[in-house]
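The file entry-v9.cif contains mmCIF, C-alpha atoms:
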```cif
data_model
#
loop_
_atom_site.label_atom_id
_atom_site.label_comp_id
_atom_site.auth_asym_id
_atom_site.auth_seq_id
_atom_site.Cartn_x
_atom_site.Cartn_y
_atom_site.Cartn_z
CA MET A 1 124.56 77.34 94.90
CA PHE A 2 128.20 78.15 94.19
CA PRO A 3 129.50 81.64 93.49
CA SER A 4 129.97 82.31 89.80
CA SER A 5 132.80 84.81 90.32
CA VAL A 6 135.05 86.25 92.99
CA GLU A 7 137.00 89.48 93.11
CA ALA A 8 139.52 90.45 95.81
CA PHE A 9 140.24 94.06 96.73
CA THR A 10 143.53 94.73 98.49
CA GLU A 11 143.70 98.54 98.58
CA GLN A 12 142.76 100.44 101.73
CA THR A 13 140.35 102.61 99.71
CA CYS A 14 138.28 99.50 98.97
CA ILE A 15 137.40 98.78 102.60
CA ASN A 16 133.96 100.33 102.06
CA GLU A 17 131.56 97.66 100.75
CA ASN A 18 129.17 100.40 99.59
CA LEU A 19 131.76 100.97 96.85
CA THR A 20 133.11 97.50 96.13
CA ILE A 21 129.99 95.30 96.04
CA PRO A 22 128.04 97.45 93.54
CA LYS A 23 131.23 97.81 91.46
CA VAL A 24 131.62 94.03 91.19
CA ILE A 25 127.93 93.49 90.42
CA LEU A 26 127.83 96.18 87.74
CA LYS A 27 130.96 94.67 86.17
CA ALA A 28 129.43 91.16 86.06
CA LEU A 29 129.19 89.67 82.61
CA ASP A 30 125.70 88.22 82.87
CA LYS A 31 122.99 90.44 84.34
CA SER A 32 120.17 88.43 82.77
CA LYS A 33 116.78 88.48 84.45
CA ASP A 34 117.24 85.01 85.95
CA ASN A 35 120.42 85.99 87.84
CA VAL A 36 120.04 87.32 91.35
CA PHE A 37 122.95 88.90 93.23
CA VAL A 38 123.04 88.14 96.95
CA PHE A 39 125.01 90.16 99.48
CA ASP A 40 124.75 90.88 103.17
CA ARG A 41 124.60 94.02 105.29
CA GLY A 42 127.87 95.48 103.94
CA VAL A 43 125.91 97.67 101.54
CA PHE A 44 123.62 100.21 103.16
CA SER A 45 123.96 103.21 100.86
CA ARG A 46 120.62 104.04 99.22
CA GLU A 47 122.57 105.42 96.27
CA ALA A 48 124.23 102.01 95.79
CA PHE A 49 120.83 100.27 95.85
CA CYS A 50 119.44 102.78 93.35
CA GLU A 51 122.44 102.33 91.04
CA LEU A 52 121.93 98.56 91.00
CA ASP A 53 118.21 99.02 90.38
CA LYS A 54 118.80 101.49 87.52
CA ASN A 55 121.04 98.89 85.87
CA ASP A 56 118.33 96.18 86.08
CA CYS A 57 120.28 94.11 88.59
CA SER A 58 118.10 91.82 90.69
CA PHE A 59 119.41 91.47 94.22
CA VAL A 60 118.57 90.16 97.65
CA THR A 61 120.11 91.55 100.81
CA ARG A 62 119.60 91.79 104.51
CA LEU A 63 119.03 95.26 105.95
CA HIS A 64 120.40 96.63 109.16
CA VAL A 65 117.85 96.20 111.94
CA ASN A 66 117.30 99.95 112.29
CA ALA A 67 116.97 100.72 108.55
CA ARG A 68 113.94 102.98 108.03
CA HIS A 69 111.52 101.47 105.54
CA VAL A 70 107.91 101.15 104.45
CA VAL A 71 106.60 97.61 103.99
CA LEU A 72 104.94 97.13 100.59
CA SER A 73 104.07 93.46 101.06
CA ASP A 74 104.94 90.37 103.03
CA VAL A 75 106.20 87.34 101.12
CA ASP A 76 104.68 84.07 102.30
CA THR A 77 107.28 81.86 103.94
CA PRO A 78 106.76 78.72 105.98
CA PRO A 79 106.95 79.35 109.75
CA GLY A 80 110.38 78.49 111.17
CA LEU A 81 112.01 78.29 107.72
CA VAL A 82 115.69 77.42 108.10
CA VAL A 83 118.17 77.92 105.26
CA GLY A 84 121.62 76.62 106.12
CA ASN A 85 122.32 78.01 109.58
CA LEU A 86 119.89 80.94 109.20
CA THR A 87 116.28 81.13 110.34
CA VAL A 88 114.08 83.31 108.13
CA LEU A 89 111.98 85.50 110.41
CA LYS A 90 110.24 87.43 107.63
CA ASP A 91 110.55 88.17 103.94
CA GLN A 92 109.25 91.54 102.75
CA ARG A 93 109.25 93.87 99.75
CA VAL A 94 109.99 97.37 101.02
CA ASN A 95 110.72 100.94 100.03
CA LEU A 96 113.63 102.45 101.93
CA TYR A 97 113.98 105.94 103.31
CA CYS A 98 116.81 107.93 101.77
CA SER A 99 117.03 110.59 104.46
CA GLY A 100 114.59 112.36 106.71
CA TYR A 101 111.08 111.75 105.39
CA LYS A 102 112.04 111.03 101.76
CA VAL A 103 111.25 107.49 100.57
CA VAL A 104 113.25 105.93 97.74
CA GLU A 105 110.45 104.72 95.47
CA GLN A 106 112.36 103.71 92.35
CA LEU A 107 113.54 100.34 93.66
CA SER A 108 111.53 97.53 92.18
CA GLY A 109 111.89 95.17 95.12
#
```
Could you write out this file's structure as structure tokens?
Amino acid sequence: MFPSSVEAFTEQTCINENLTIPKVILKALDKSKDNVFVFDRGVFSREAFCELDKNDCSFVTRLHVNARHVVLSDVDTPPGLVVGNLTVLKDQRVNLYCSGYKVVEQLSG
């Protein structure tokens, strides 16, 4: 449960996590199927998600509350599941909207 790598960005242009998080993940040495990249709400760009997906990177993230999406399936989780100091309310596989009424369907999960 420890991070396998860390990278620090110090330039003002790197303040946008939509740019830095995918860059670090795509640069990672081991993108094997059993590795899962975990990051929080800093990435919200659909293009960033699609880029990670195109490069066969498995990832888990938390979406902004108002992110438009279509639920594909619910993942069974025990009621009241607590992980560290977080309570899991629901776990879902979704397709995200890119803009307007267009759904991004290429993401695998």
Under the rule that only C-alpha atoms are counted, which of A:Phe39, A:Phe44, A:Phe59, A:Phe9 is the nearest residue to Tyr97 in chain A? A:Phe44
Listed atoms of range 18-24 of chain A, axis-aligned box, 3 Å per side: centre and edge lengths to one decimal in Å, as lines of an AutoDock Vina configuration file?
```
center_x = 130.6
center_y = 97.5
center_z = 95.4
size_x = 11.1
size_y = 12.9
size_z = 14.4
```
Could you tell me which of A:Cys57, A:Arg68, A:Asn18, A:Arg62 comes closest to Leu89 in chain A if we count all atoms listed in the file?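 Looking at the shortest contact to Leu89 in chain A, the residue is A:Arg62.
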Under the rule that all atoms listed in the file are counted, which of A:Val6, A:Leu52, A:Ala67, A:Val60 is the nearest residue to Val36 in chain A?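 Of all the options, A:Val60 lies closest to Val36 in chain A.
Relative to CA of Lys90 in chain A, CA of Thr77 in chain A is found at 7.3 Å.
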So, with all atoms listed in the file as the atoms that count, which of A:Thr13, A:Ser5, A:Gln92, A:Ser45 lies closest to Val71 in chain A?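 Using all atoms listed in the file, the shortest distance to Val71 in chain A belongs to A:Gln92.
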Using only C-alpha atoms, which of A:Leu19, A:Thr10, A:Asp56, A:Ala28 sits nearest Gly42 in chain A?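 The shortest atom-to-atom distance to Gly42 in chain A comes from A:Leu19.
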Just to confirm, what's the straight-line distance from CA of Asp91 in chain A to CA of Asn35 in chain A in Å (one decimal)?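 Taking CA of Asp91 in chain A and CA of Asn35 in chain A, their separation equals 19.0 Å.
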Could you check how far CA of Phe49 in chain A sits from CA of Ile21 in chain A, in Å to one decimal?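 Spanning CA of Phe49 in chain A to CA of Ile21 in chain A is a straight-line distance of 10.4 Å.
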